[in-house]
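Trainee: Before we start, here is the structure in question, set down as C-alpha cells.
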Amino acid sequence: MFKFYCNPTEGGLLIFVRSSRDLYNIGPWFYTLSVSRHLKCFCSIRPEQGNKKSTSVEQKAATAKPKTETTKSAITNQDKTIMTTSVFFVCMFLLFWEGMKACQLPHDNCPPGATLTLSKPEGGDVCKCGDTIDKSAAREAPTVSYGNAQPDGLYTLVMADPDAPFKDNPTQKYWLHWLVTNIKGSDLLTGSALGGNVVMEYNPPTPPKAKPGTTNPHRYIFYLVEQTEEPDTSLVNTESRGKFRLDDFVTNNGCKIVASFQYTTSY
C-alpha cells in the first residue's frame, strides 16, 4: 500500500510517495515525484530511513531469520517496479488535473444576456456583437457598458486579436489591444468613462493587408473579468503587445468572465 503526500514548491509540486512495506527492518520507503510548473515530470526512487520502529518490533526483527541477498534483490526490484508504475499514473493524473484547472475561453463571444455594449465616444453603438465593421469605426476607444454588473464590484476589461498577423498563421496570437483593471461596476452600469487603471493603452484594429489570393479578416474579442482580488498583470509586457497569453491571464485572475463581445474587420 502506498500513501501520497504533496508539498508545493517554488518550482512546482513535489510529491512524496510512502510505501508501508517494511523492507528488511529499515523502515518505510519514500519515493519522490517532482512535477514542474511547466508540466514536466521528474521521477526518482530512493529508499530512506523512516521512523524508528518500536522496541518490541526491533526485538522481533533481531531474532528473525536473515534473508538471503537474492531474496532482498528480488523484493527490491519488485518494489521499484510497483513504485515506478504508481508514480507514472500519479503523474498522468496530475497532468490531467492541471489541464482541467486551466481556464477555458468561451467559444461563443456573443452569449445572450452576457454581451457588452460598445458605444462610440460621440454617441451610438459601434456595432452589434458578431458584426463585421470598417476599422475606421473603431479608431477611438469605445465606451463600454454592461447591464448586469454589480455596482460595488470591480472588473478587468481586455481586448485582444487572436488572428495576428494572419488568420491562417497567427504567430502573434493574442495581440493585446487594450487592458484596464479595477473598473467600477457602477461605471459599467451607466456606460460612463471606465476609469480604473489602464495597464495597456487602447490600440485600434490594424490588420495587415491580405496576401494575394487570400482574405485576412481579424476577430477582435473583449472579455470582462470579475475581480475577486488584486489583478495579476505579471503576464503583460508593456513593451510588446504580441503573443499575450490571454488564457493564462484569465486563469490567473480567477476565470470569472462575466461578459464578452466580438467584431471582425479587415485591412
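Numbering starts fresh at 1 for the residues of each chain in the C-alpha cells, the chains themselves are lettered A, B, ... in the order given, and ligands are numbered from 1 as they appear.
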Tell me which protein, DNA and RNA residues are within 9 Å of region 134-142 of chain A, counting only C-alpha atoms, leaving out same-chain ones fewer than 3 positions away, and put them as a ChimeraX atom specification.

Mentor: /A:118-121,125-127,178,202-207,264-267

Trainee: Need the shell around Tyr174 (chain A): protein/DNA/RNA residues with any atom at most 9 Å away, counting only C-alpha atoms. Skip same-chain ones fewer than 4 positions apart. Format as a list of chain:residue names?

Mentor: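 Listed by chain and then number, they are A:Ala160, A:Asp161, A:Pro162, A:Asp163, A:Ala164, A:Pro170, A:Arg241, A:Gly242, A:Lys243, A:Phe244, A:Arg245, A:Leu246.
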
Trainee: Take the residues from that selection and put them in a file with all heavy atoms, as a short mmCIF file (atom, residue, chain, number, x, y, z; two decimals), in the first residue's frame.

Mentor:
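Result saved to out32.cif:
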data_model
loop_
_atom_site.label_atom_id
_atom_site.label_comp_id
_atom_site.auth_asym_id
_atom_site.auth_seq_id
_atom_site.Cartn_x
_atom_site.Cartn_y
_atom_site.Cartn_z
N ALA A 160 -8.34 41.75 -27.30
CA ALA A 160 -7.22 41.05 -27.96
C ALA A 160 -7.61 40.55 -29.34
O ALA A 160 -8.79 40.35 -29.63
CB ALA A 160 -6.74 39.89 -27.09
N ASP A 161 -6.60 40.34 -30.16
CA ASP A 161 -6.76 39.84 -31.52
C ASP A 161 -6.13 38.45 -31.62
O ASP A 161 -4.91 38.31 -31.51
CB ASP A 161 -6.08 40.81 -32.49
CG ASP A 161 -6.08 40.32 -33.93
OD1 ASP A 161 -6.66 39.26 -34.21
OD2 ASP A 161 -5.47 41.00 -34.79
N PRO A 162 -6.95 37.39 -31.84
CA PRO A 162 -6.40 36.04 -31.93
C PRO A 162 -5.87 35.68 -33.31
O PRO A 162 -5.36 34.57 -33.50
CB PRO A 162 -7.60 35.17 -31.58
CG PRO A 162 -8.77 35.95 -32.09
CD PRO A 162 -8.43 37.40 -31.88
N ASP A 163 -5.98 36.61 -34.28
CA ASP A 163 -5.64 36.29 -35.67
C ASP A 163 -4.41 37.03 -36.19
O ASP A 163 -4.18 37.11 -37.39
CB ASP A 163 -6.83 36.62 -36.58
CG ASP A 163 -8.07 35.84 -36.19
OD1 ASP A 163 -7.94 34.65 -35.88
OD2 ASP A 163 -9.16 36.45 -36.16
N ALA A 164 -3.60 37.59 -35.29
CA ALA A 164 -2.45 38.39 -35.72
C ALA A 164 -1.24 37.50 -36.02
O ALA A 164 -0.97 36.55 -35.30
CB ALA A 164 -2.09 39.39 -34.61
N PRO A 170 -1.36 32.62 -37.23
CA PRO A 170 -1.38 33.66 -36.18
C PRO A 170 -0.19 33.55 -35.22
O PRO A 170 -0.34 33.20 -34.05
CB PRO A 170 -2.71 33.38 -35.46
CG PRO A 170 -2.91 31.91 -35.61
CD PRO A 170 -2.35 31.55 -36.97
N ARG A 241 3.06 43.93 -27.55
CA ARG A 241 1.66 43.51 -27.45
C ARG A 241 1.44 42.08 -27.95
O ARG A 241 0.45 41.45 -27.62
CB ARG A 241 0.77 44.45 -28.26
CG ARG A 241 0.73 45.89 -27.73
CD ARG A 241 -0.11 46.79 -28.62
NE ARG A 241 -0.13 48.17 -28.18
CZ ARG A 241 -1.05 48.70 -27.36
NH1 ARG A 241 -2.03 47.95 -26.94
NH2 ARG A 241 -1.00 49.97 -27.02
N GLY A 242 2.35 41.57 -28.75
CA GLY A 242 2.18 40.26 -29.36
C GLY A 242 2.38 39.11 -28.39
O GLY A 242 3.04 39.24 -27.36
N LYS A 243 1.78 37.97 -28.75
CA LYS A 243 1.92 36.71 -28.01
C LYS A 243 1.48 36.84 -26.55
O LYS A 243 2.07 36.23 -25.65
CB LYS A 243 3.36 36.20 -28.08
CG LYS A 243 3.81 35.86 -29.49
CD LYS A 243 5.23 35.28 -29.51
CE LYS A 243 5.66 34.93 -30.92
NZ LYS A 243 7.03 34.36 -30.97
N PHE A 244 0.45 37.63 -26.33
CA PHE A 244 -0.11 37.76 -24.99
C PHE A 244 -0.83 36.47 -24.63
O PHE A 244 -1.66 35.97 -25.38
CB PHE A 244 -1.08 38.94 -24.94
CG PHE A 244 -1.75 39.12 -23.60
CD1 PHE A 244 -1.00 39.32 -22.46
CD2 PHE A 244 -3.13 39.10 -23.51
CE1 PHE A 244 -1.62 39.50 -21.23
CE2 PHE A 244 -3.75 39.28 -22.29
CZ PHE A 244 -2.99 39.47 -21.15
N ARG A 245 -0.51 35.91 -23.48
CA ARG A 245 -1.10 34.63 -23.05
C ARG A 245 -2.44 34.90 -22.38
O ARG A 245 -2.58 34.91 -21.17
CB ARG A 245 -0.13 33.92 -22.12
CG ARG A 245 1.12 33.41 -22.82
CD ARG A 245 2.30 33.24 -21.92
NE ARG A 245 2.01 32.47 -20.71
CZ ARG A 245 2.82 32.38 -19.68
NH1 ARG A 245 3.98 33.03 -19.70
NH2 ARG A 245 2.49 31.66 -18.63
N LEU A 246 -3.45 35.12 -23.22
CA LEU A 246 -4.76 35.52 -22.73
C LEU A 246 -5.39 34.47 -21.83
O LEU A 246 -5.96 34.79 -20.78
CB LEU A 246 -5.68 35.83 -23.92
CG LEU A 246 -7.12 36.23 -23.58
CD1 LEU A 246 -7.14 37.48 -22.71
CD2 LEU A 246 -7.91 36.46 -24.87
#

Trainee: Need the shell around Thr117 (chain A): protein/DNA/RNA residues with any atom at most 10 Å away, counting only C-alpha atoms. Skip same-chain ones fewer than 4 positions apart. Format as a ChimeraX atom specification?

Mentor: /A:125-129,142-147,188,191,259-261

Trainee: Can I get the selection written as a compact mmCIF listing (two decimals), in the first residue's frame, with C-alpha atoms?

Mentor:
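Saved the output as again-v1.txt:
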# COMPACT_ATOMS: atom_id res chain seq x y z
CA ASP A 125 -23.17 51.85 -30.86
CA VAL A 126 -20.00 50.71 -32.59
CA CYS A 127 -21.85 47.66 -33.88
CA LYS A 128 -23.78 44.63 -32.76
CA CYS A 129 -21.86 41.71 -31.32
CA PRO A 142 -15.22 52.82 -27.18
CA THR A 143 -17.36 53.42 -24.16
CA VAL A 144 -18.14 50.04 -22.59
CA SER A 145 -21.24 49.19 -20.59
CA TYR A 146 -22.68 46.05 -19.03
CA GLY A 147 -26.18 45.97 -17.58
CA LEU A 188 -20.22 49.86 -16.38
CA GLY A 191 -21.77 53.47 -19.56
CA ALA A 259 -19.42 39.21 -20.34
CA SER A 260 -17.80 39.39 -23.77
CA PHE A 261 -18.01 40.96 -27.21

Trainee: Using only C-alpha atoms for the distances, tell me which of A:Leu116, A:Gln150, A:Leu157, A:Ser240 is nearest to Gln172 (chain A).

Mentor: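 The closest residue to Gln172 (chain A) is A:Ser240.
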
Trainee: Could you pull the residues within 9 Å of Gly195 (chain A), counting only C-alpha atoms, minus those fewer than 4 positions along the same chain, as an MDAnalysis selection string?

Mentor: chainID A and resid 180:184 187

Trainee: For the residues in the current selection, export C-alpha atoms as a short mmCIF file (atom, residue, chain, number, x, y, z; two decimals), in the first residue's frame.

Mentor:
data_model
loop_
_atom_site.label_atom_id
_atom_site.label_comp_id
_atom_site.auth_asym_id
_atom_site.auth_seq_id
_atom_site.Cartn_x
_atom_site.Cartn_y
_atom_site.Cartn_z
CA VAL A 180 -7.93 48.12 -18.00
CA THR A 181 -8.20 46.87 -14.41
CA ASN A 182 -10.19 47.99 -11.34
CA ILE A 183 -13.16 49.23 -13.35
CA LYS A 184 -16.08 50.07 -11.08
CA ASP A 187 -19.39 52.89 -14.26
#

Trainee: With only C-alpha atoms as the counted atoms, please give the residues lying no more than 8 Å from Lys256 (chain A), apart from itself and same-chain residues fewer than 4 positions off, as a short mmCIF file (atom, residue, chain, number, x, y, z; two decimals) with N, CA and C atoms, in the first residue's frame.

Mentor:
data_model
loop_
_atom_site.label_atom_id
_atom_site.label_comp_id
_atom_site.auth_asym_id
_atom_site.auth_seq_id
_atom_site.Cartn_x
_atom_site.Cartn_y
_atom_site.Cartn_z
N VAL A 225 -13.76 40.55 -17.00
CA VAL A 225 -13.46 39.59 -15.94
C VAL A 225 -13.80 40.20 -14.58
N GLU A 226 -14.61 39.52 -13.83
CA GLU A 226 -14.93 40.00 -12.47
C GLU A 226 -13.75 39.73 -11.54
N GLN A 227 -13.32 40.76 -10.84
CA GLN A 227 -12.17 40.63 -9.95
C GLN A 227 -12.60 40.12 -8.57
N VAL A 250 -6.40 35.09 -17.91
CA VAL A 250 -7.74 34.90 -17.34
C VAL A 250 -7.71 33.88 -16.21
#
